[in-house]
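Printed here is start13.csv (CSV, C-alpha atoms):
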chain,number,residue,atom,x,y,z
S,29,MET,CA,84.7,102.2,109.4
S,30,LYS,CA,84.6,103.8,112.9
S,31,ASN,CA,87.0,102.6,115.6
S,32,ASN,CA,88.1,103.3,119.2
S,33,ILE,CA,91.9,103.3,118.5
S,34,LYS,CA,92.5,106.9,119.5
S,35,GLU,CA,90.6,106.5,122.8
S,36,LEU,CA,92.2,103.2,123.7
S,37,ARG,CA,95.7,104.5,122.7
S,38,GLN,CA,95.3,107.6,124.9
S,39,LYS,CA,94.0,105.5,127.7
S,40,LEU,CA,97.2,103.5,127.6
S,41,ASN,CA,99.4,106.6,127.2
S,42,ILE,CA,100.8,105.4,123.9
S,43,THR,CA,101.8,107.9,121.2
S,44,GLN,CA,100.9,107.4,117.5
S,45,GLU,CA,104.6,106.9,116.8
S,46,GLU,CA,105.0,104.2,119.4
S,47,LEU,CA,101.8,102.4,118.2
S,48,ALA,CA,103.1,102.5,114.6
S,49,GLU,CA,106.5,101.2,115.7
S,50,LYS,CA,105.0,98.3,117.6
S,51,ALA,CA,102.5,97.5,114.8
S,52,GLY,CA,105.2,97.7,112.2
S,53,VAL,CA,103.6,100.4,110.1
S,54,ARG,CA,104.2,104.1,109.4
S,55,ARG,CA,102.8,106.8,111.6
S,56,GLU,CA,100.6,108.1,108.8
S,57,THR,CA,98.9,104.7,108.6
S,58,ILE,CA,97.9,105.1,112.3
S,59,VAL,CA,96.7,108.6,111.6
S,60,PHE,CA,94.5,107.4,108.8
S,61,LEU,CA,93.3,104.4,110.8
S,62,GLU,CA,92.2,106.7,113.7
S,63,GLN,CA,90.4,109.0,111.3
S,64,GLY,CA,88.6,106.0,109.9
S,65,LYS,CA,90.0,106.7,106.4
S,66,TYR,CA,91.8,103.4,106.1
S,67,ASN,CA,90.5,99.9,106.5
S,68,PRO,CA,93.4,97.7,107.8
S,69,SER,CA,94.1,94.1,106.9
S,70,LEU,CA,93.0,91.5,109.3
S,71,ASN,CA,96.6,91.0,110.3
S,72,LEU,CA,97.2,94.7,111.1
S,73,ALA,CA,93.8,94.9,112.9
S,74,HIS,CA,94.8,91.9,115.0
S,75,ARG,CA,98.3,93.5,115.8
S,76,VAL,CA,96.7,96.8,116.8
S,77,ALA,CA,94.1,95.1,119.0
S,78,LYS,CA,96.8,93.1,120.7
S,79,ILE,CA,98.9,96.2,121.4
S,80,LEU,CA,95.9,98.1,122.8
S,81,LYS,CA,95.0,95.0,124.9
S,82,THR,CA,91.5,94.5,123.3
S,83,SER,CA,89.8,92.5,120.7
S,84,ILE,CA,89.1,93.4,117.0
S,85,ASP,CA,85.3,93.5,117.5
S,86,LYS,CA,85.7,96.0,120.4
S,87,LEU,CA,88.3,98.0,118.5
S,88,PHE,CA,86.3,98.5,115.3
S,89,ILE,CA,82.7,99.5,115.0
S,90,PHE,CA,81.1,97.6,112.1
S,91,ASP,CA,78.1,99.5,110.8
B,9,MET,CA,125.1,105.8,110.6
B,10,GLU,CA,121.3,105.6,110.6
B,11,LEU,CA,119.0,107.5,108.4
B,12,THR,CA,115.4,108.7,109.1
B,13,LEU,CA,112.7,108.2,106.5
B,14,LYS,CA,112.7,111.9,105.7
B,15,GLN,CA,116.5,112.0,105.1
B,16,TYR,CA,116.3,108.9,102.9
B,17,ASN,CA,113.5,110.4,100.8
B,18,THR,CA,115.4,113.6,100.4
B,19,ILE,CA,118.6,111.8,99.3
B,20,ARG,CA,116.5,109.6,96.9
B,21,LEU,CA,114.9,112.6,95.4
B,22,ILE,CA,118.3,114.3,94.8
B,23,ILE,CA,119.8,111.1,93.3
B,24,VAL,CA,116.8,110.7,91.0
B,25,PHE,CA,117.1,114.3,89.9
B,26,ILE,CA,120.8,114.1,89.2
B,27,LEU,CA,120.3,110.8,87.4
B,28,ALA,CA,117.5,112.2,85.2
B,29,MET,CA,119.7,115.2,84.3
B,30,PHE,CA,122.7,113.0,83.4
B,31,ILE,CA,120.6,110.5,81.4
B,32,GLY,CA,118.9,113.3,79.5
B,33,ASN,CA,122.3,114.9,78.6
B,34,MET,CA,123.9,111.5,77.7
B,35,ILE,CA,121.0,110.6,75.4
B,36,VAL,CA,121.3,114.0,73.7
B,37,LEU,CA,125.1,113.3,73.2
B,38,LYS,CA,124.1,109.8,71.9
B,39,ASN,CA,125.9,108.0,74.6
B,40,TYR,CA,123.7,105.1,75.6
B,41,PHE,CA,126.2,103.1,77.6
B,42,LEU,CA,126.9,105.5,80.5
B,43,PRO,CA,123.2,105.9,81.5
B,44,LEU,CA,123.1,102.1,82.0
B,45,ILE,CA,126.1,102.2,84.3
B,46,LEU,CA,124.7,105.3,86.2
B,47,ILE,CA,121.3,103.5,86.7
B,48,ALA,CA,123.1,100.5,88.1
B,49,VAL,CA,125.3,102.6,90.4
B,50,ALA,CA,122.3,104.6,91.6
B,51,SER,CA,120.3,101.4,92.3
B,52,ILE,CA,123.1,100.0,94.4
B,53,LEU,CA,123.5,103.3,96.2
B,54,LEU,CA,119.8,103.5,97.0
B,55,PHE,CA,119.7,99.9,98.0
B,56,SER,CA,122.6,100.4,100.5
B,57,LEU,CA,121.0,103.6,101.9
B,58,ARG,CA,117.7,101.8,102.2
B,59,LYS,CA,119.2,99.3,104.7
B,60,LYS,CA,120.3,102.2,106.9
B,61,VAL,CA,116.9,103.6,107.3
B,62,LYS,CA,115.5,103.4,110.8
B,63,GLY,CA,111.8,102.5,111.0
B,64,VAL,CA,109.3,101.2,108.5
B,65,LEU,CA,109.8,102.3,104.9
B,66,ALA,CA,106.6,101.1,103.4
B,67,ASP,CA,103.6,99.3,105.0
B,68,GLU,CA,100.4,97.6,103.7
B,69,ARG,CA,98.7,101.0,103.1
B,70,ASP,CA,101.6,102.1,100.8
B,71,TYR,CA,101.3,98.8,98.9
B,72,GLU,CA,97.6,99.3,98.5
B,73,LEU,CA,98.0,102.8,97.3
B,74,GLY,CA,100.8,101.7,95.0
B,75,GLY,CA,98.6,99.1,93.4
B,76,LYS,CA,95.7,101.5,92.9
B,77,SER,CA,98.1,104.2,91.6
B,78,ALA,CA,99.8,101.8,89.2
B,79,LEU,CA,96.5,100.6,87.8
B,80,LEU,CA,95.2,104.2,87.3
B,81,ALA,CA,98.5,105.3,85.8
B,82,MET,CA,98.3,102.4,83.3
B,83,GLN,CA,94.7,103.2,82.4
B,84,ILE,CA,95.5,106.9,81.9
B,85,TYR,CA,98.6,106.1,79.8
B,86,SER,CA,96.7,103.6,77.7
B,87,TRP,CA,93.8,106.0,76.9
B,88,THR,CA,96.2,108.9,76.3
B,89,ALA,CA,98.4,106.8,74.0
B,90,VAL,CA,95.4,105.5,72.1
B,91,VAL,CA,94.0,109.0,71.5
B,92,ALA,CA,97.5,110.2,70.5
B,93,MET,CA,97.9,107.2,68.2
B,94,PHE,CA,94.8,108.2,66.3
B,95,VAL,CA,95.9,111.8,66.1
B,96,PHE,CA,99.3,110.8,64.8
B,97,LEU,CA,97.7,108.4,62.3
B,98,ALA,CA,95.4,111.2,61.1
B,99,PHE,CA,98.3,113.5,60.4
B,100,SER,CA,100.6,110.8,59.0
B,101,ASP,CA,100.2,112.3,55.5
B,102,ILE,CA,102.0,115.4,56.6
B,103,ASN,CA,105.0,113.5,58.0
B,104,PRO,CA,105.6,109.8,57.6
B,105,VAL,CA,107.4,109.7,61.0
B,106,TYR,CA,103.9,110.3,62.7
B,107,SER,CA,102.9,106.9,61.4
B,108,ALA,CA,105.9,105.3,63.1
B,109,ILE,CA,105.2,107.2,66.4
B,110,ALA,CA,101.6,105.9,66.3
B,111,GLN,CA,102.8,102.4,65.8
B,112,THR,CA,105.2,102.7,68.7
B,113,LEU,CA,102.5,104.1,70.9
B,114,SER,CA,100.1,101.2,70.0
B,115,PHE,CA,102.8,98.6,70.7
B,116,SER,CA,103.7,100.2,74.0
B,117,VAL,CA,100.0,100.1,75.1
B,118,CYS,CA,99.9,96.4,74.1
B,119,TYR,CA,103.1,95.7,76.0
B,120,PHE,CA,101.8,97.4,79.1
B,121,MET,CA,98.5,95.5,79.0
B,122,LEU,CA,100.3,92.2,78.4
B,123,LEU,CA,102.7,92.9,81.2
B,124,TYR,CA,99.9,93.9,83.5
B,125,SER,CA,98.0,90.7,82.7
B,126,VAL,CA,101.1,88.5,83.3
B,127,ILE,CA,101.9,90.2,86.6
B,128,PHE,CA,98.3,90.0,87.7
B,129,SER,CA,98.1,86.3,86.9
B,130,TYR,CA,101.4,85.8,88.8
B,131,TYR,CA,100.0,87.4,91.9
B,132,ASN,CA,96.7,85.6,91.4
B,133,LYS,CA,98.6,82.2,91.4
B,134,LYS,CA,101.3,83.2,93.8
B,135,ASN,CA,100.2,80.7,96.4
B,136,LEU,CA,100.8,77.9,93.9
B,137,LYS,CA,104.5,78.8,93.9
B,138,ASP,CA,104.8,78.0,90.2
B,139,ARG,CA,108.4,78.9,89.4
B,140,ARG,CA,108.0,77.9,85.7
B,141,PHE,CA,105.2,80.4,85.3
B,142,VAL,CA,107.4,83.2,86.7
B,143,LEU,CA,110.3,82.2,84.5
B,144,THR,CA,108.0,82.1,81.4
B,145,ALA,CA,106.6,85.5,82.3
B,146,PHE,CA,110.1,87.0,82.7
B,147,ILE,CA,111.3,85.6,79.4
B,148,LEU,CA,108.1,86.9,77.7
B,149,ALA,CA,108.5,90.4,79.2
B,150,PHE,CA,112.2,90.4,78.3
B,151,PHE,CA,111.6,89.6,74.6
B,152,LEU,CA,108.7,92.0,74.4
B,153,ALA,CA,110.9,94.8,75.8
B,154,ILE,CA,113.6,94.0,73.2
B,155,TYR,CA,110.9,94.0,70.5
B,156,LEU,CA,109.7,97.4,71.6
B,157,ILE,CA,113.1,98.9,71.8
B,158,ALA,CA,114.0,97.4,68.4
B,159,GLY,CA,110.7,98.8,67.0
B,160,ILE,CA,111.5,102.3,68.3
B,161,TYR,CA,115.0,102.0,66.9
B,162,VAL,CA,113.9,100.9,63.4
B,163,PHE,CA,111.0,103.3,63.0
B,164,ILE,CA,112.3,106.4,64.6
B,165,LEU,CA,116.1,106.4,64.8
B,166,LYS,CA,116.7,105.0,61.4
Any chance you could give the structure as structure tokens?
Amino acid sequence: MKNNIKELRQKLNITQEELAEKAGVRRETIVFLEQGKYNPSLNLAHRVAKILKTSIDKLFIFD
Amino acid sequence: MELTLKQYNTIRLIIVFILAMFIGNMIVLKNYFLPLILIAVASILLFSLRKKVKGVLADERDYELGGKSALLAMQIYSWTAVVAMFVFLAFSDINPVYSAIAQTLSFSVCYFMLLYSVIFSYYNKKNLKDRRFVLTAFILAFFLAIYLIAGIYVFILK
């Protein structure tokens, strides 16, 4: 599943480490998320969307 | 003193390595009591170190991977054990111990599958918060473990 996490994160000047800490996950999870190699739970998707000040449907591109 | 995840993993690896070495040696020396104490001490040590780790130790992705890995490991073990069991049974005429090994392998596969089914059912019904079910599963697993250990002892060590 494609997503806009990297773009939005860079826009807000947040590092992967910071995003991981705020979302309560490991940095590797953020890396895999950004690469589209991991589909997060609804809970994590919601947390990431909240940190990046957006909504889930704008963050993830459902094909 | 706070530990990073990398430091914790390194320490854990060293502890497991030392523990495996000690347990191997103790079993060769037929000392079965000391390994139990060592495992308990190592568990307490790791548990206390775990509390000192800064940051997230494991997240949902790790749990997902853990679940998939455990299932695959169980499947690989089951198939390998079943094939090995037939090989040992085929050669049981050469040495009667082979028959005992085959039996132990088959019991271990049954035990794994039963344990998997019980744990799966537990997680499937977790929302029901049925404490009696958990207790029954624990007792069942405990007795099966004793049965397996006793089986190994009777067939191989005796």
Exercise. Find the residues in chain S near chain B: any atom within 12 Å counts, using only C-alpha atoms. Write them as a ChimeraX atom specification.
Key: /S:45-46,48-61,65-73
Practice problem: Using CA of Met29 (chain B) and CA of Ala108 (chain B) as the two end points, give the distance in Å to one decimal. | Solution: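 Separating CA of Met29 (chain B) from CA of Ala108 (chain B) is a distance of 27.2 Å.
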Quiz item: So how many Å separate CA of Leu11 (chain B) and CA of Leu27 (chain B), to one decimal?
Solution: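 Computing the Euclidean distance for CA of Leu11 (chain B) and CA of Leu27 (chain B) yields 21.3 Å.
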Practice problem: Pick out the residues sitting within 12 Å of region 78-94 of chain B, and hand them over as a list in words; count all atoms listed in the file, and ignore anything fewer than 6 positions along from it in its own chain. | Solution: Asp70, Tyr71, Glu72, Ser100, Tyr106, Ser107, Ala108, Ile109, Ala110, Gln111, Thr112, Leu113, Ser114, Phe115, Ser116, Val117, Cys118, Tyr119, Phe120, Met121, Leu122, Leu123, Tyr124, Ser125, Ile127 and Phe128 of chain B
Practice problem: Skip Phe90 (chain S) itself and residues of its chain fewer than 6 positions away, then list as a list in words all residues within 12 Å of it, counting all atoms listed in the file. | Solution: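 Answer for this query is Met29, Lys30, Asn31, Asn32, Gly64, Asn67 and Ile84 of chain S.
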Practice problem: Figure out the distance between CA of Ala149 (chain B) and CA of Ser77 (chain B), please, to one decimal in Å. | Solution: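 Calculated distance between CA of Ser77 (chain B) and CA of Ala149 (chain B) is 21.3 Å.
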Self-check item: Long-range neighbours of Ile45 (chain B) as a list in words, 12 Å cut-off, only C-alpha atoms, 4 positions minimum in chain
Solution: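 The neighbour list is Leu27, Phe30, Ile31, Met34, Asn39, Tyr40, Phe41, Val49, Ala50, Ser51 and Ile52 of chain B.
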Just C-alpha atoms for this one: save the residues we selected as a PDB file, in the frame of the given file.
ATOM      1  CA  LEU B  27     120.300 110.800  87.400  1.00  0.00           C
ATOM      2  CA  PHE B  30     122.700 113.000  83.400  1.00  0.00           C
ATOM      3  CA  ILE B  31     120.600 110.500  81.400  1.00  0.00           C
ATOM      4  CA  MET B  34     123.900 111.500  77.700  1.00  0.00           C
ATOM      5  CA  ASN B  39     125.900 108.000  74.600  1.00  0.00           C
ATOM      6  CA  TYR B  40     123.700 105.100  75.600  1.00  0.00           C
ATOM      7  CA  PHE B  41     126.200 103.100  77.600  1.00  0.00           C
ATOM      8  CA  VAL B  49     125.300 102.600  90.400  1.00  0.00           C
ATOM      9  CA  ALA B  50     122.300 104.600  91.600  1.00  0.00           C
ATOM     10  CA  SER B  51     120.300 101.400  92.300  1.00  0.00           C
ATOM     11  CA  ILE B  52     123.100 100.000  94.400  1.00  0.00           C
TER      12      ILE B  52
END
Exercise. For Ile26 (chain B), please output as a PyMOL selection string all residues within 12 Å (counting all atoms listed in the file; exclusion window: fewer than 4 positions along the same chain).
Key: chain B and resi 19-22+30-33+43+46-47+50
Export C-alpha atoms of the chosen residues as a tab-separated table (two decimals), in the frame of the given file?
chain	number	residue	atom	x	y	z
B	19	ILE	CA	118.60	111.80	99.30
B	20	ARG	CA	116.50	109.60	96.90
B	21	LEU	CA	114.90	112.60	95.40
B	22	ILE	CA	118.30	114.30	94.80
B	30	PHE	CA	122.70	113.00	83.40
B	31	ILE	CA	120.60	110.50	81.40
B	32	GLY	CA	118.90	113.30	79.50
B	33	ASN	CA	122.30	114.90	78.60
B	43	PRO	CA	123.20	105.90	81.50
B	46	LEU	CA	124.70	105.30	86.20
B	47	ILE	CA	121.30	103.50	86.70
B	50	ALA	CA	122.30	104.60	91.60
